[in-house]
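**Student:** The structure under discussion is supplied below as structure tokens; questions concerning it will follow.
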Amino acid sequence: MCGRGWVVGGMPELPDVEGFRRVAQRAGGRQVRSVRVCDAQVLRGVGSGEFQEALRRRYFQAPWRWGKWLVIPTSGAPNGGPGTPAVLAHFGMTGSFEWCRHGGDVHPHDRVVFDFAPGELRYHDMRKLTGLHLARQPGEVDELLAELGPDAQRVGVEEFGERLTRTRRGTKAALMDQSVLAGLGNICTDELLWRARVHPNRATTKLSADDLELLHQEMRVMLRDAVRAGRVPDDASWLTGHRDEPDQRCPRCSTALRRTRVGGRGTLWCPACQSD
DNA sequence: ATGTCTGTTTCCTA
DNA sequence: GTAGGAAACAGACA
């Protein structure tokens with residue numbers, strides 16, 4: 001489970017972060033014995049010393065997720081309820097949480113290790129595009145998450161439609177905007193647009209009420225299935241399963257898929273299924 | 001060897 | 001308001 005030479009799984013989007021939440025859950029109610037900072041570069045807005053001191057001897061509480069962010073509150077007692085300081089984790093493109101036994105090999109990409117009596121929780125990240133934040137007061141958690149829209153897994157159809165059409169952009173750009181909706185990344189968004197048969201560049205203003213309802217419904221189903229798998233499945237029935245194939249064909253109609261760029265991101269879509 | 005590509009966030013300019 | 005680009009980062013690949 002640890003010390004791997006490569007990163008398993010897709011880019012950390014909502015389903016992956018939900019998986020990391022379950023990993024971090026193993027430290028729930030456990031006391032931090034020490035914090036090892038192997039690479040201080042992943043600490044954001046806090047230095048090594050303060051980070052270590054603030055968390056040492058605190059008890060990790062149940063982690064919760066908002067979009068692609070994971071929040072781990074701490075308290076002064078095993079079941080003291082959520083409190084601060086809290087750790088806020090973002091996983092960028094290549095981050096993960098791993099639970100390891102003591103004494104395992106430390107991988108060069110293990111950046112921060114939280115030591116507990118039953119094992120270690122490791123923040124692992126090859127590229128260091130994002131990292132770990134420390135919320136010293138309860139208000140700081142809200143501050144750090146203030147710009148985020150509603151979580152994609154919990155948002156209702158009405159708010160979903162309202163927020164998406166509030167902006168005049170291509171649908172893909174709007175879905176990926178974390179301040180509109182929190183949790184979808186490049187892979188999930190392509191998958192969703194394909195399932196709902198919406199062209200990535202269709203203006204959100206041209207989405208009908210039926211389109212919005214379908215997008216919301218497909219988003220729920222996709223996230224449910226992906227969360228169950230702990231990642232976006234690399235399955236042939238999913239568009240995502242064909243991302244890296246040389247001859248990319250639509251799993252639904254076998255049309256050759258098209259690859260374009262939207263907002264600087266590689267975008268995969270079916271010219272026959274997805275209408276503008 | 002050098003350049004291109006990958007996807008997330010933040011910041012900048014048009 | 002929106003679009004586009006760049007930087008941050010490390011590695012795979014041609």
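Just so we're on the same page: first chain in the structure tokens is A, next is B, and so on; residues restart at 1 for each chain, and ligands are numbered from 1 in the order they show up.
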Would you kindly return, as a ChimeraX atom specification, each protein, DNA or RNA residue with an atom no farther than 12 Å from any atom of region 3-14 of chain C, considering only C-alpha atoms (C1' of nucleotides) and excluding same-chain residues fewer than 5 positions away?

**Tutor:** /A:5-7,41-42,92-95,108-109,125-131,168-170,173,261-265 /B:1-14

**Student:** Using DSSP assignments from the backbone, pull out every residue in region 69-257 of chain A that falls under alpha helix (DSSP H) and give it to me as JSON, numbers by chain.

**Tutor:** {"A": [138, 139, 140, 141, 142, 143, 144, 145, 157, 158, 159, 160, 161, 162, 163, 164, 165, 166, 171, 172, 173, 174, 175, 176, 186, 187, 188, 189, 190, 191, 192, 193, 194, 195, 209, 210, 211, 212, 213, 214, 215, 216, 217, 218, 219, 220, 221, 222, 223, 224, 225, 226, 227, 228, 229]}

**Student:** Which one is closest to chain C: A:Thr167, A:Thr260, A:Ser179, A:Thr189? Count only C-alpha atoms (C1' of nucleotides).

**Tutor:** A:Thr167

**Student:** Give me, as JSON lines, each residue of region 91-189 of chain A that comes within 12 Å of region 50-55 of chain A, together with its shortest interatomic pair and the distance in Å at one decimal, counting only C-alpha atoms, with rows ordered by chain and rising residue number.

**Tutor:**
```
{"residue": "A:Val112", "atom": "CA", "partner": "A:Gln52", "partner_atom": "CA", "distance": 10.2}
{"residue": "A:Val113", "atom": "CA", "partner": "A:Gln52", "partner_atom": "CA", "distance": 10.5}
{"residue": "A:Phe114", "atom": "CA", "partner": "A:Leu55", "partner_atom": "CA", "distance": 9.2}
{"residue": "A:Asp115", "atom": "CA", "partner": "A:Leu55", "partner_atom": "CA", "distance": 10.7}
{"residue": "A:Phe116", "atom": "CA", "partner": "A:Leu55", "partner_atom": "CA", "distance": 11.7}
{"residue": "A:Leu132", "atom": "CA", "partner": "A:Phe51", "partner_atom": "CA", "distance": 9.7}
{"residue": "A:His133", "atom": "CA", "partner": "A:Phe51", "partner_atom": "CA", "distance": 8.9}
{"residue": "A:Leu134", "atom": "CA", "partner": "A:Phe51", "partner_atom": "CA", "distance": 7.0}
{"residue": "A:Ala135", "atom": "CA", "partner": "A:Ala54", "partner_atom": "CA", "distance": 9.9}
{"residue": "A:Arg136", "atom": "CA", "partner": "A:Ala54", "partner_atom": "CA", "distance": 8.3}
{"residue": "A:Gln137", "atom": "CA", "partner": "A:Ala54", "partner_atom": "CA", "distance": 11.5}
```

**Student:** Taking N, CA and C atoms for each residue, export the selection above as a PDB file, in the first residue's frame.

**Tutor:**
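Writing the result to result02.pdb gives the following:
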```
ATOM      1  N   VAL A 112       4.830  14.666   3.894  1.00  0.00           N
ATOM      2  CA  VAL A 112       4.537  14.878   5.315  1.00  0.00           C
ATOM      3  C   VAL A 112       4.010  13.565   5.889  1.00  0.00           C
ATOM      4  N   VAL A 113       4.518  13.198   7.064  1.00  0.00           N
ATOM      5  CA  VAL A 113       4.079  11.948   7.705  1.00  0.00           C
ATOM      6  C   VAL A 113       3.547  12.261   9.105  1.00  0.00           C
ATOM      7  N   PHE A 114       2.278  11.890   9.330  1.00  0.00           N
ATOM      8  CA  PHE A 114       1.667  12.030  10.653  1.00  0.00           C
ATOM      9  C   PHE A 114       1.791  10.681  11.349  1.00  0.00           C
ATOM     10  N   ASP A 115       2.399  10.710  12.501  1.00  0.00           N
ATOM     11  CA  ASP A 115       2.680   9.469  13.216  1.00  0.00           C
ATOM     12  C   ASP A 115       1.639   9.224  14.321  1.00  0.00           C
ATOM     13  N   PHE A 116       0.985   8.056  14.236  1.00  0.00           N
ATOM     14  CA  PHE A 116       0.020   7.634  15.263  1.00  0.00           C
ATOM     15  C   PHE A 116       0.471   6.286  15.809  1.00  0.00           C
ATOM     16  N   LEU A 132      -0.724  21.320   1.985  1.00  0.00           N
ATOM     17  CA  LEU A 132      -1.440  21.306   3.260  1.00  0.00           C
ATOM     18  C   LEU A 132      -1.493  22.704   3.884  1.00  0.00           C
ATOM     19  N   HIS A 133      -2.681  23.072   4.327  1.00  0.00           N
ATOM     20  CA  HIS A 133      -2.865  24.341   5.029  1.00  0.00           C
ATOM     21  C   HIS A 133      -3.203  24.048   6.490  1.00  0.00           C
ATOM     22  N   LEU A 134      -2.931  25.031   7.346  1.00  0.00           N
ATOM     23  CA  LEU A 134      -3.291  24.904   8.756  1.00  0.00           C
ATOM     24  C   LEU A 134      -4.307  25.977   9.102  1.00  0.00           C
ATOM     25  N   ALA A 135      -5.473  25.554   9.569  1.00  0.00           N
ATOM     26  CA  ALA A 135      -6.470  26.510  10.058  1.00  0.00           C
ATOM     27  C   ALA A 135      -6.320  26.598  11.565  1.00  0.00           C
ATOM     28  N   ARG A 136      -5.914  27.766  12.037  1.00  0.00           N
ATOM     29  CA  ARG A 136      -5.638  27.921  13.468  1.00  0.00           C
ATOM     30  C   ARG A 136      -6.909  28.159  14.258  1.00  0.00           C
ATOM     31  N   GLN A 137      -7.854  28.870  13.641  1.00  0.00           N
ATOM     32  CA  GLN A 137      -9.143  29.169  14.273  1.00  0.00           C
ATOM     33  C   GLN A 137     -10.251  28.621  13.381  1.00  0.00           C
TER      34      GLN A 137
END
```
